[in-house]
>>> print(open('start18.txt').read())   # compact mmCIF, C-alpha atoms
# COMPACT_ATOMS: atom_id res chain seq x y z
CA MET A 1 62.60 216.10 83.54
CA GLU A 2 62.87 212.79 81.76
CA ILE A 3 64.76 214.24 78.80
CA LEU A 4 67.66 215.71 80.78
CA LEU A 5 67.91 212.46 82.70
CA ARG A 6 68.66 210.56 79.51
CA LEU A 7 71.50 212.68 78.16
CA ASP A 8 74.01 209.98 79.16
CA SER A 9 76.91 212.36 79.66
CA PRO A 10 77.71 215.18 82.08
CA THR A 11 79.02 217.19 79.14
CA TRP A 12 75.65 217.18 77.37
CA LEU A 13 73.91 217.93 80.66
CA VAL A 14 76.09 221.01 81.24
CA ARG A 15 75.22 222.25 77.75
CA ALA A 16 71.51 221.59 78.22
CA ALA A 17 71.62 223.46 81.52
CA ALA A 18 72.51 226.62 79.58
CA VAL A 19 69.45 226.37 77.35
CA CYS A 20 67.11 228.25 79.67
CA ARG A 21 66.58 229.08 83.32
CA ARG A 22 64.03 226.33 83.80
CA TRP A 23 66.45 223.68 82.58
CA LEU A 24 69.26 225.13 84.65
CA ARG A 25 67.08 224.93 87.75
CA ARG A 26 66.15 221.33 86.96
CA ALA A 27 69.74 220.34 86.21
CA SER A 28 71.02 221.92 89.43
CA ASP A 29 68.48 220.20 91.66
CA PRO A 30 70.33 217.76 93.98
CA ALA A 31 67.54 215.17 93.72
CA PHE A 32 67.79 215.30 89.94
CA LEU A 33 71.59 215.04 90.04
CA GLY A 34 71.31 211.98 92.28
CA ARG A 35 69.09 210.27 89.69
CA PHE A 36 71.39 211.37 86.87
CA ARG A 37 74.43 209.94 88.64
CA ALA A 38 72.64 206.64 89.15
CA LEU A 39 72.01 206.38 85.40
CA CYS A 40 75.35 207.82 84.38
CA PRO A 41 77.91 207.05 87.07
CA PRO A 42 80.90 209.37 87.47
CA ARG A 43 83.99 208.35 85.56
CA ILE A 44 87.63 208.92 86.38
CA LEU A 45 89.10 211.67 84.23
CA GLY A 46 92.65 211.02 85.20
CA LEU A 47 95.10 210.24 87.92
CA HIS A 48 97.03 212.79 89.79
CA VAL A 49 100.55 211.93 90.80
CA GLN A 50 102.42 213.80 93.46
CA SER A 51 105.71 212.34 94.46
CA GLY A 52 108.01 213.97 96.93
CA SER A 53 108.63 217.62 96.21
CA CYS A 54 108.17 217.29 92.47
CA ALA A 55 105.49 219.35 90.79
CA PRO A 56 102.15 217.53 90.49
CA ARG A 57 101.57 215.51 87.36
CA PHE A 58 98.28 214.51 85.85
CA LEU A 59 97.87 211.37 83.81
CA ALA A 60 94.77 211.41 81.64
CA VAL A 61 92.71 208.27 81.35
CA PRO A 62 91.49 207.67 77.79
CA GLN A 63 87.97 209.08 77.49
CA PRO A 64 85.02 208.72 75.18
CA LEU A 65 84.62 211.72 72.89
CA ASP A 66 82.18 213.62 75.10
CA LEU A 67 84.54 213.66 78.09
CA ALA A 68 87.81 214.23 76.26
CA ALA A 69 87.54 218.00 76.65
CA ALA A 70 86.87 217.71 80.39
CA SER A 71 89.96 215.56 80.71
CA ARG A 72 92.02 218.07 78.72
CA ARG A 73 90.86 220.89 80.94
CA ALA A 74 91.83 218.92 84.06
CA LEU A 75 95.21 218.25 82.51
CA GLN A 76 95.68 221.94 81.89
CA VAL A 77 94.83 222.87 85.44
CA LEU A 78 97.11 220.29 86.97
CA THR A 79 100.10 220.29 84.69
CA PRO A 80 102.64 222.99 85.36
CA SER A 81 103.61 224.73 82.18
CA VAL A 82 106.80 226.63 81.55
CA GLY A 83 106.47 230.25 82.52
CA THR A 84 103.78 229.83 85.14
CA HIS A 85 106.23 229.75 88.00
CA ARG A 86 103.30 230.23 90.33
CA PHE A 87 102.37 226.66 89.66
CA ARG A 88 105.80 225.13 89.81
CA SER A 89 105.94 225.77 93.52
CA ALA A 90 102.48 224.48 94.21
CA TYR A 91 101.65 221.41 96.21
CA LEU A 92 98.37 219.59 95.92
CA TRP A 93 97.02 218.65 99.34
CA ASP A 94 93.66 217.23 98.57
CA CYS A 95 91.16 216.73 95.81
CA ARG A 96 87.47 216.15 96.22
CA ASN A 97 84.58 216.24 93.79
CA GLY A 98 86.29 218.53 91.30
CA ARG A 99 87.83 220.79 93.95
CA LEU A 100 91.57 220.98 94.48
CA LEU A 101 93.20 222.17 97.66
CA VAL A 102 96.55 223.59 96.62
CA LYS A 103 99.25 225.25 98.64
CA ILE A 104 101.13 227.87 96.71
CA TYR A 105 104.57 228.61 98.04
CA ASP A 106 105.26 232.25 97.82
CA TRP A 107 107.66 234.39 99.76
CA PRO A 108 107.56 234.80 102.75
CA ASP A 109 105.19 231.88 103.20
CA GLY A 110 102.58 229.86 101.46
CA VAL A 111 98.93 230.40 100.92
CA TYR A 112 96.19 227.80 100.48
CA ILE A 113 93.77 228.07 97.63
CA VAL A 114 90.80 226.09 96.43
CA ARG A 115 90.81 225.69 92.67
CA SER A 116 88.07 224.27 90.53
CA LEU A 117 89.14 221.41 88.32
CA LEU A 118 86.64 222.14 85.55
CA ASN A 119 84.95 225.48 86.07
CA GLN A 120 86.66 228.56 84.75
CA VAL A 121 86.29 230.45 88.02
CA PRO A 122 88.98 232.32 89.94
CA ASP A 123 90.86 230.48 92.69
CA VAL A 124 89.53 231.07 96.18
CA THR A 125 92.22 231.98 98.68
CA LEU A 126 91.72 230.57 102.16
CA PRO A 127 92.44 232.53 105.31
CA ALA A 128 95.52 231.22 107.13
CA PRO A 129 94.60 228.28 109.36
CA PRO A 130 94.97 228.84 113.12
CA GLU A 131 98.33 227.86 114.58
CA PRO A 132 98.42 225.07 117.17
CA ASN A 133 98.84 226.75 120.51
CA GLU A 134 100.39 224.05 122.64
CA PHE A 135 104.02 223.48 123.15
CA PHE A 136 104.77 219.89 122.46
CA LYS A 137 108.08 218.16 122.55
CA GLY A 138 107.35 215.29 120.16
CA CYS A 139 107.23 215.35 116.40
CA ARG A 140 104.56 217.31 114.64
CA SER A 141 102.87 217.23 111.27
CA LYS A 142 100.32 219.49 109.61
CA ARG A 143 97.68 218.51 107.17
CA MET A 144 94.85 220.21 105.29
CA LEU A 145 91.90 218.22 103.98
CA LEU A 146 88.83 219.18 102.01
CA LEU A 147 85.48 218.42 103.63
CA GLU A 148 82.25 217.59 101.84
CA ASP A 149 81.09 220.49 99.69
CA ASP A 150 77.45 221.15 100.67
CA GLY A 151 77.61 224.35 98.65
CA ASP A 152 80.60 225.71 100.60
CA VAL A 153 83.57 225.23 98.28
CA THR A 154 86.17 226.20 100.86
CA SER A 155 84.98 223.92 103.66
CA CYS A 156 88.08 222.16 104.89
CA LEU A 157 89.90 220.81 107.90
CA SER A 158 93.23 221.94 109.24
CA LEU A 159 94.92 219.34 111.42
CA THR A 160 98.09 219.35 113.45
CA LEU A 161 99.20 216.03 114.88
CA SER A 162 101.74 216.12 117.66
CA ILE A 163 103.10 212.75 118.63
CA ASP A 164 105.19 211.98 121.70
CA ALA A 165 104.87 208.22 121.91
CA PRO A 166 102.65 206.79 123.19
CA GLU A 167 100.63 210.02 123.29
CA VAL A 168 98.97 211.51 120.25
CA LEU A 169 97.51 215.00 120.34
CA ALA A 170 95.36 216.35 117.55
CA GLU A 171 94.60 220.03 117.24
CA PHE A 172 92.17 220.88 114.52
CA SER A 173 89.92 223.56 113.17
CA ILE A 174 87.23 223.56 110.52
CA LEU A 175 86.82 226.29 107.92
CA GLN A 176 83.14 227.04 107.31
CA SER A 177 81.75 229.88 105.22
CA GLY A 178 85.27 231.28 105.03
CA VAL A 179 85.79 231.47 108.80
CA TRP A 180 88.02 229.15 110.83
CA GLY A 181 86.33 227.62 113.87
CA ILE A 182 87.84 227.58 117.33
CA LEU A 183 90.83 225.27 117.62
CA GLN A 184 89.71 221.90 119.02
CA ARG A 185 91.82 219.23 120.63
CA ALA A 186 91.71 215.48 121.18
CA GLU A 187 94.16 213.11 122.81
CA ILE A 188 94.80 209.40 122.89
CA GLU A 189 97.38 207.17 124.46
CA LEU A 190 98.30 204.32 122.17
CA GLU A 191 99.13 200.84 123.27
CA MET A 192 102.51 200.17 121.82
CA VAL A 193 105.86 198.69 122.54
CA SER A 194 108.76 201.09 122.78
CA GLY A 195 110.79 201.58 119.66
CA GLU A 196 107.86 200.76 117.44
CA GLY A 197 107.58 202.78 114.23
CA LEU A 198 103.94 203.68 114.93
CA PRO A 199 104.39 207.43 115.57
CA LEU A 200 106.10 207.92 112.23
CA GLN A 201 103.42 205.77 110.62
CA ILE A 202 100.67 207.98 111.94
CA MET A 203 102.42 211.14 110.76
CA HIS A 204 102.70 209.81 107.23
CA SER A 205 99.53 207.76 107.28
CA GLN A 206 96.93 207.98 104.58
CA LYS A 207 94.22 210.32 105.88
CA LEU A 208 90.64 210.44 104.74
CA VAL A 209 87.64 212.40 105.99
CA VAL A 210 84.22 210.78 105.79
CA GLY A 211 81.38 212.85 107.19
CA LYS A 212 82.55 214.11 110.55
CA LYS A 213 85.27 211.52 111.04
CA LEU A 214 88.91 211.44 110.04
CA TYR A 215 90.54 208.08 109.39
CA MET A 216 94.29 207.50 109.48
CA LEU A 217 95.56 204.19 108.24
CA THR A 218 98.56 202.59 109.92
CA TYR A 219 99.92 199.10 109.46
CA LYS A 220 98.34 198.04 112.76
CA PHE A 221 94.92 199.67 112.80
CA ILE A 222 92.91 202.64 111.63
CA LEU A 223 93.21 205.55 114.03
CA ALA A 224 89.99 207.52 113.77
CA LEU A 225 89.20 210.99 115.04
CA ASP A 226 85.61 212.02 115.60
CA LEU A 227 85.54 215.72 114.73
CA SER A 228 82.20 216.34 116.40
CA THR A 229 83.04 214.82 119.80
CA ASN A 230 86.78 215.59 119.81
CA SER A 231 87.69 212.02 120.56
CA PHE A 232 89.89 209.35 119.07
CA PHE A 233 88.88 205.75 118.52
CA ILE A 234 90.54 202.76 116.99
CA VAL A 235 89.23 200.56 114.20
CA ASN A 236 90.99 197.23 114.02
CA LEU A 237 91.96 195.87 110.65
CA PRO A 238 89.77 192.88 109.85
CA ASP A 239 92.65 190.82 108.63
CA GLY A 240 95.60 192.22 110.50
CA PRO A 241 98.47 194.12 108.95
CA GLY A 242 98.95 193.98 105.21
CA ASN A 243 99.03 195.93 102.03
CA ASN A 244 96.05 198.19 102.75
CA THR A 245 94.61 201.41 101.46
CA LEU A 246 91.51 203.50 102.22
CA SER A 247 88.99 204.85 99.78
CA HIS A 248 85.75 206.84 99.90
CA ALA A 249 82.66 204.71 99.47
CA GLU A 250 79.96 205.76 97.02
CA GLN A 251 77.55 207.46 99.41
CA SER A 252 78.95 207.92 102.88
CA GLY A 253 81.31 205.42 104.32
CA LEU A 254 84.71 204.02 103.78
CA TYR A 255 86.34 201.19 101.90
CA LEU A 256 89.38 199.36 103.15
CA ILE A 257 91.14 197.72 100.26
CA ASN A 258 93.60 194.93 100.87
CA VAL A 259 95.92 193.47 98.27
CA ARG A 260 97.42 190.06 98.80
CA GLU A 261 99.29 188.70 95.82
CA PHE A 262 96.68 188.77 93.07
CA GLU A 263 93.72 188.93 95.38
CA LEU A 264 91.95 192.23 95.97
CA ARG A 265 89.72 192.32 99.02
CA ILE A 266 87.46 195.21 99.84
CA TRP A 267 85.73 195.89 103.14
CA TYR A 268 83.06 198.45 103.70
CA VAL A 269 83.11 200.38 106.95
CA ALA A 270 79.65 201.65 107.78
CA MET A 271 79.34 205.15 109.17
CA CYS A 272 78.43 204.69 112.83
CA LEU A 273 78.70 201.11 113.85
CA VAL A 274 82.18 200.16 112.85
CA SER A 275 81.52 196.82 111.29
CA TYR A 276 83.03 195.30 108.22
CA VAL A 277 81.05 194.05 105.31
CA MET A 278 82.99 192.34 102.61
CA MET B 279 47.62 193.95 65.05
CA ALA B 280 45.50 191.71 67.26
CA ALA B 281 46.55 191.60 70.90
CA PRO B 282 46.84 188.11 72.38
CA GLU B 283 44.69 187.19 75.35
CA SER B 284 45.77 189.03 78.41
CA GLY B 285 45.79 187.67 81.97
CA ASP B 286 42.33 188.92 82.83
CA GLY B 287 40.63 187.61 79.70
CA ASN B 288 38.83 184.92 81.67
CA ASN B 289 35.44 185.18 79.97
CA GLY B 290 36.68 184.39 76.48
CA ALA B 291 36.67 187.76 74.73
CA ALA B 292 38.97 190.42 76.24
CA ARG B 293 37.24 193.35 77.88
CA MET B 294 37.07 196.43 75.68
CA VAL B 295 36.96 200.10 76.63
CA THR B 296 36.18 203.20 74.60
CA LEU B 297 38.35 206.30 74.65
CA ILE B 298 37.19 209.62 73.26
CA SER B 299 39.75 212.09 71.91
CA SER B 300 39.47 215.89 72.21
CA ASP B 301 38.05 216.07 68.68
CA ASN B 302 35.35 213.51 69.58
CA THR B 303 36.72 210.46 67.80
CA ARG B 304 35.96 207.18 69.57
CA PHE B 305 38.63 204.50 69.92
CA GLU B 306 37.77 201.02 71.09
CA VAL B 307 40.70 199.12 72.62
CA GLU B 308 41.33 196.24 74.96
CA ALA B 309 41.32 197.25 78.59
CA ALA B 310 44.73 195.62 79.01
CA ALA B 311 46.27 197.96 76.44
CA ALA B 312 44.61 201.10 77.81
CA SER B 313 45.73 200.10 81.31
CA LEU B 314 49.33 200.86 80.38
CA SER B 315 48.24 204.37 81.24
CA GLN B 316 48.29 204.82 85.01
CA THR B 317 45.53 207.44 84.81
CA LEU B 318 43.24 205.25 82.70
CA GLN B 319 43.98 202.14 84.76
CA LEU B 320 42.19 203.60 87.79
CA THR B 321 39.07 204.46 85.79
CA ILE B 322 39.08 201.04 84.12
CA LEU B 323 39.48 199.20 87.43
CA ASP B 324 36.42 201.11 88.62
CA GLY B 325 34.54 199.63 85.69
CA GLY B 326 34.54 202.82 83.60
CA GLY B 327 34.91 203.12 79.83
CA GLY B 328 32.77 200.13 78.95
CA GLY B 329 29.56 200.02 76.97
CA GLY B 330 28.47 203.26 75.36
CA ASP B 331 30.05 205.50 77.99
CA GLY B 332 33.63 205.94 76.87
CA ILE B 333 36.37 207.85 78.70
CA PRO B 334 36.80 211.41 77.44
CA LEU B 335 40.42 212.59 77.00
CA PRO B 336 40.07 216.36 76.47
CA ASN B 337 43.87 216.85 76.28
CA VAL B 338 44.64 214.36 73.53
CA ASP B 339 43.64 214.78 69.86
CA SER B 340 42.75 211.82 67.67
CA ALA B 341 46.02 211.76 65.68
CA THR B 342 48.06 211.60 68.88
CA LEU B 343 45.71 209.15 70.57
CA SER B 344 45.87 206.68 67.70
CA LYS B 345 49.67 206.85 67.90
CA VAL B 346 49.59 206.34 71.67
CA LEU B 347 47.28 203.35 71.30
CA GLU B 348 49.52 201.84 68.63
CA TYR B 349 52.25 201.83 71.28
CA CYS B 350 49.98 200.46 74.02
CA ILE B 351 48.64 197.59 71.90
CA LYS B 352 52.16 196.56 70.93
CA HIS B 353 53.45 196.71 74.49
CA ALA B 354 50.41 195.33 76.35
CA PRO B 355 51.30 191.59 76.06
CA ALA B 356 54.81 192.16 77.44
CA ALA B 357 53.44 194.38 80.22
CA ALA B 358 50.86 191.71 81.11
CA ASN B 359 53.73 189.26 81.63
CA GLY B 360 55.05 191.52 84.37
CA GLY B 361 57.81 193.18 82.37
CA ALA B 362 58.24 189.93 80.43
CA PRO B 363 60.96 188.13 82.34
CA ASN B 364 60.32 185.06 80.21
CA ALA B 365 60.07 186.88 76.91
CA THR B 366 62.30 185.47 74.25
CA ALA B 367 65.17 187.44 72.76
CA VAL B 368 63.21 187.52 69.52
CA ASP B 369 60.24 189.19 71.25
CA ARG B 370 62.47 191.77 72.87
CA ALA B 371 64.29 192.50 69.62
CA GLU B 372 60.94 192.92 67.90
CA LEU B 373 59.76 195.42 70.55
CA GLU B 374 63.03 197.32 70.24
CA ARG B 375 62.68 197.46 66.46
CA PHE B 376 59.11 198.69 66.89
CA ASP B 377 60.18 201.36 69.40
CA ASN B 378 62.94 202.68 67.14
CA GLU B 379 60.58 202.97 64.22
CA PHE B 380 57.81 204.35 66.39
CA VAL B 381 59.75 207.48 67.38
CA ASN B 382 61.07 208.03 63.87
CA ILE B 383 58.47 210.73 63.37
CA ASP B 384 57.92 214.44 62.84
CA GLN B 385 58.97 216.66 65.70
CA SER B 386 55.47 218.08 66.13
CA VAL B 387 54.07 214.56 66.54
CA LEU B 388 56.88 213.74 68.95
CA TYR B 389 56.02 216.73 71.15
CA SER B 390 52.32 215.88 71.24
CA LEU B 391 53.37 212.36 72.24
CA ILE B 392 55.49 213.72 75.09
CA MET B 393 52.52 215.66 76.42
CA ALA B 394 50.13 212.72 75.98
CA ALA B 395 52.51 210.20 77.58
CA HIS B 396 52.90 212.61 80.48
CA ASN B 397 49.17 213.28 80.90
CA LEU B 398 48.22 209.63 80.59
CA GLU B 399 51.20 208.51 82.70
CA ILE B 400 52.46 205.81 80.37
CA GLU B 401 55.87 205.10 81.80
CA GLY B 402 57.40 203.16 78.93
CA LEU B 403 56.27 205.69 76.35
CA GLN B 404 57.47 208.58 78.47
CA SER B 405 60.98 207.20 78.64
CA LEU B 406 60.94 206.23 74.97
CA VAL B 407 60.10 209.74 73.78
CA ALA B 408 62.38 211.36 76.36
CA LYS B 409 65.25 209.24 75.11
CA LYS B 410 64.47 210.25 71.53
CA VAL B 411 64.55 213.97 72.39
CA ALA B 412 67.71 213.47 74.47
CA ASP B 413 69.36 211.83 71.45
CA MET B 414 68.31 214.80 69.34
CA ILE B 415 70.04 217.35 71.59
CA LYS B 416 73.18 215.42 72.53
CA GLY B 417 76.30 217.15 71.25
CA LYS B 418 74.46 220.36 70.35
CA SER B 419 75.19 223.82 71.71
CA PRO B 420 72.53 225.52 73.89
CA MET B 421 71.53 227.73 70.95
CA GLU B 422 71.21 224.73 68.62
CA ILE B 423 69.14 222.94 71.26
CA ARG B 424 66.77 225.91 71.47
CA ARG B 425 66.37 225.93 67.68
CA THR B 426 65.94 222.15 67.52
CA LEU B 427 63.18 222.27 70.10
CA GLY B 428 61.59 225.36 68.60
CA PHE B 429 62.14 227.60 71.64
CA PRO B 430 61.82 231.34 70.94
CA ASP B 431 65.08 233.24 70.52
CA PRO B 432 66.60 234.18 73.88
CA THR B 433 66.14 237.69 75.23
CA PRO B 434 69.36 239.73 75.53
CA GLU B 435 69.31 238.95 79.24
CA GLU B 436 69.00 235.21 78.65
CA GLN B 437 71.71 235.42 75.99
CA ALA B 438 74.06 237.05 78.51
CA GLU B 439 73.39 234.30 81.04
CA MET B 440 74.03 231.70 78.38
CA ASN B 441 77.35 233.29 77.47
CA ALA B 442 78.44 233.50 81.10
CA HIS B 443 77.62 229.83 81.58
CA MET B 444 79.56 228.87 78.46
CA LEU B 445 82.56 230.83 79.68
CA GLU B 446 82.52 229.19 83.08
CA TYR B 447 82.11 225.67 81.70
CA GLY B 448 84.36 226.17 78.70
CA TRP B 449 85.43 222.53 78.67
CA ALA B 450 81.92 221.39 77.85
CA TYR B 451 81.97 223.36 74.60
CA GLU B 452 85.30 222.29 73.09
>>> encode(input="start18.txt", output="structure tokens")
Amino acid sequence: MEILLRLDSPTWLVRAAAVCRRWLRRASDPAFLGRFRALCPPRILGLHVQSGSCAPRFLAVPQPLDLAAASRRALQVLTPSVGTHRFRSAYLWDCRNGRLLVKIYDWPDGVYIVRSLLNQVPDVTLPAPPEPNEFFKGCRSKRMLLLEDDGDVTSCLSLTLSIDAPEVLAEFSILQSGVWGILQRAEIELEMVSGEGLPLQIMHSQKLVVGKKLYMLTYKFILALDLSTNSFFIVNLPDGPGNNTLSHAEQSGLYLINVREFELRIWYVAMCLVSYVM
Amino acid sequence: MAAPESGDGNNGAARMVTLISSDNTRFEVEAAAASLSQTLQLTILDGGGGGGDGIPLPNVDSATLSKVLEYCIKHAPAAANGGAPNATAVDRAELERFDNEFVNIDQSVLYSLIMAAHNLEIEGLQSLVAKKVADMIKGKSPMEIRRTLGFPDPTPEEQAEMNAHMLEYGWAYE
């Protein structure tokens, strides 16, 4: 379908997909979409800012004409407007490929929903994630993360980290086809000196899921959790502590981005063998 | 326009082949130009199309074939240079100018070209005409696209699907 491939903009592709069933089928084919993305790489519509307990804010990035409407729609979805009190007490947990994982605080307690950034479809409410069942005397933090879509919009990970230095216990469950899996657990004992701020670091660390692995960035190393084998492992930072951040790589994989003064250094962490390629 | 000597023109005159359109018109062209078509290339490599034989093309009429060959003759020298890595900017600009003018044609001719480029597997021509049609439908609504391309009016069922799609992806229609 050489014509659809050359439309140069997702907006025109969406319109063309409505022309007839044959075109819709072509335009929905994953192989076709892969080729389309290669010719017309995804662009950032805007940045989402969530600071503290404030309501989420969306900052639009200036767009060419054909994407301006998409950006406006995203702005609408993410910006709380007066009167929609439902949204004022919402907290954005994660965002992935046009899906938003939002917790809506509502008496007596909150509910998680998956909202589409661009499609005018109703929110999908998630069943309540399973509660961690172990008593643990350390500090504890809960997190929800979206997993790769694969046609299942609600696929996500619920994670409870319980930290009693130097021990870290993860209890997690994966939501698939709307059903939470059995609660899994993994443990690790960290090498650390007493009084170190590591436990707090891990609680508040940046967390990213790539494939079946969860990465948590601390100032010392990346603590990784393999969700398929229920085991922790540690990825050392190639250049020691610093001003680091993690980011999804194009296909599957992970970028570690390091900022030193005006120098930006990016490492690529391959999926299985944990090696760095700069 | 005379095509310059191509890489395989080692015996002085370039090798010629004859193509026969669906309405029985014979076209004599250099093998190098006809070889831009993946389908023809195989036949030509096997030694076909020479002499009085000719290669019949039952799916392409003479008007379309002459247009196709106009493209092939123009693009053959660059193709012979292996995508022309050493072509000058002037050469490239000239090809681009030619391409733009080449697709500035009636829609019916454009559609016959799409079919011919597809059947004959001429990669450059395929992407050139696809790009032209893509440019024609960019920014149009699904209904306008159907009209532009001469599709029949949608059935009520198809219309309902179209409306549902437009509702779901409202942002794409603002």
>>> closest_residue(input="start18.txt", among="B:Glu399, B:Asp413, B:Asp431, B:Glu306", to="chain A", atoms="all atoms listed in the file")
B:Asp413
>>> closest_residue(input="start18.txt", among="A:Val193, A:Leu126, A:Ala31, A:Leu65", to="chain B", atoms="only C-alpha atoms")
A:Leu65
>>> closest_atom_pairs(input="start18.txt", of="chain B", to="chain A", cutoff="9 Å", atoms="only C-alpha atoms", output="tab-separated table")
residue	atom	partner	partner_atom	distance
B:Gln404	CA	A:Glu2	CA	7.6
B:Ser405	CA	A:Glu2	CA	6.7
B:Val407	CA	A:Ile3	CA	8.2
B:Ala408	CA	A:Ile3	CA	4.5
B:Lys409	CA	A:Arg6	CA	5.7
B:Lys410	CA	A:Ile3	CA	8.3
B:Val411	CA	A:Ile3	CA	6.4
B:Ala412	CA	A:Ile3	CA	5.3
B:Asp413	CA	A:Leu7	CA	7.1
B:Ile415	CA	A:Ala16	CA	8.0
B:Lys416	CA	A:Trp12	CA	5.7
B:Gly417	CA	A:Trp12	CA	6.2
B:Lys418	CA	A:Arg15	CA	7.7
B:Ser419	CA	A:Arg15	CA	6.2
B:Pro420	CA	A:Val19	CA	4.7
B:Met421	CA	A:Val19	CA	6.9
B:Ile423	CA	A:Val19	CA	7.0
B:Arg424	CA	A:Val19	CA	6.5
B:Pro432	CA	A:Cys20	CA	8.3
B:Glu436	CA	A:Cys20	CA	7.3
B:Glu439	CA	A:Ala18	CA	7.9
B:Met440	CA	A:Ala18	CA	5.4
B:Asn441	CA	A:Ala18	CA	8.5
B:His443	CA	A:Ala18	CA	6.4
B:Met444	CA	A:Ala18	CA	7.5
B:Leu445	CA	A:Gln120	CA	6.9
B:Glu446	CA	A:Gln120	CA	4.5
B:Tyr447	CA	A:Asn119	CA	5.2
B:Gly448	CA	A:Gln120	CA	6.9
B:Trp449	CA	A:Ala70	CA	5.3
B:Ala450	CA	A:Thr11	CA	5.3
B:Tyr451	CA	A:Arg15	CA	7.5
B:Glu452	CA	A:Ala69	CA	6.0
>>> axis_aligned_box(input="start18.txt", around="range 140-152 of chain A", padding_each_side="5 Å", output="AutoDock Vina command-line options")
--center_x 91.0 --center_y 221.5 --center_z 106.6 --size_x 37.1 --size_y 18.5 --size_z 26.0
>>> residues_around(input="start18.txt", residues="range 332-344 of chain B", least_positions_apart="3", cutoff="9 Å", atoms="all atoms listed in the file", output="VMD selection string")
chain B and resid 295 to 306 318 321 326 to 329 347 to 349 387 390 to 391 393 to 394 397
>>> residues_around(input="start18.txt", residues="range 181-183 of chain A", least_positions_apart="3", cutoff="6 Å", atoms="all atoms listed in the file", output="JSON, numbers by chain")
{"A": [172, 173, 174]}
>>> atom_distance(input="start18.txt", atom1="CA of Pro30 in chain A", atom2="CA of Arg43 in chain A")
18.6 Å
>>> atom_distance(input="start18.txt", atom1="CA of Val235 in chain A", atom2="CA of Asp94 in chain A")
23.3 Å
>>> closest_residue(input="start18.txt", among="B:Tyr389, B:Glu379, B:Glu401, B:Val368", to="Cys350 in chain B", atoms="all atoms listed in the file")
B:Glu401
>>> atom_distance(input="start18.txt", atom1="CA of Trp267 in chain A", atom2="CA of Pro238 in chain A")
8.4 Å
>>> residues_around(input="start18.txt", residues="Glu308 in chain B", least_positions_apart="2", cutoff="6 Å", atoms="only C-alpha atoms", output="number ranges by chain")
B: 293-294, 310-311
>>> write_last_selection(input="start18.txt", atoms="C-alpha atoms", output="tab-separated table (two decimals), in the frame of the given file")
chain	number	residue	atom	x	y	z
B	293	ARG	CA	37.24	193.35	77.88
B	294	MET	CA	37.07	196.43	75.68
B	310	ALA	CA	44.73	195.62	79.01
B	311	ALA	CA	46.27	197.96	76.44
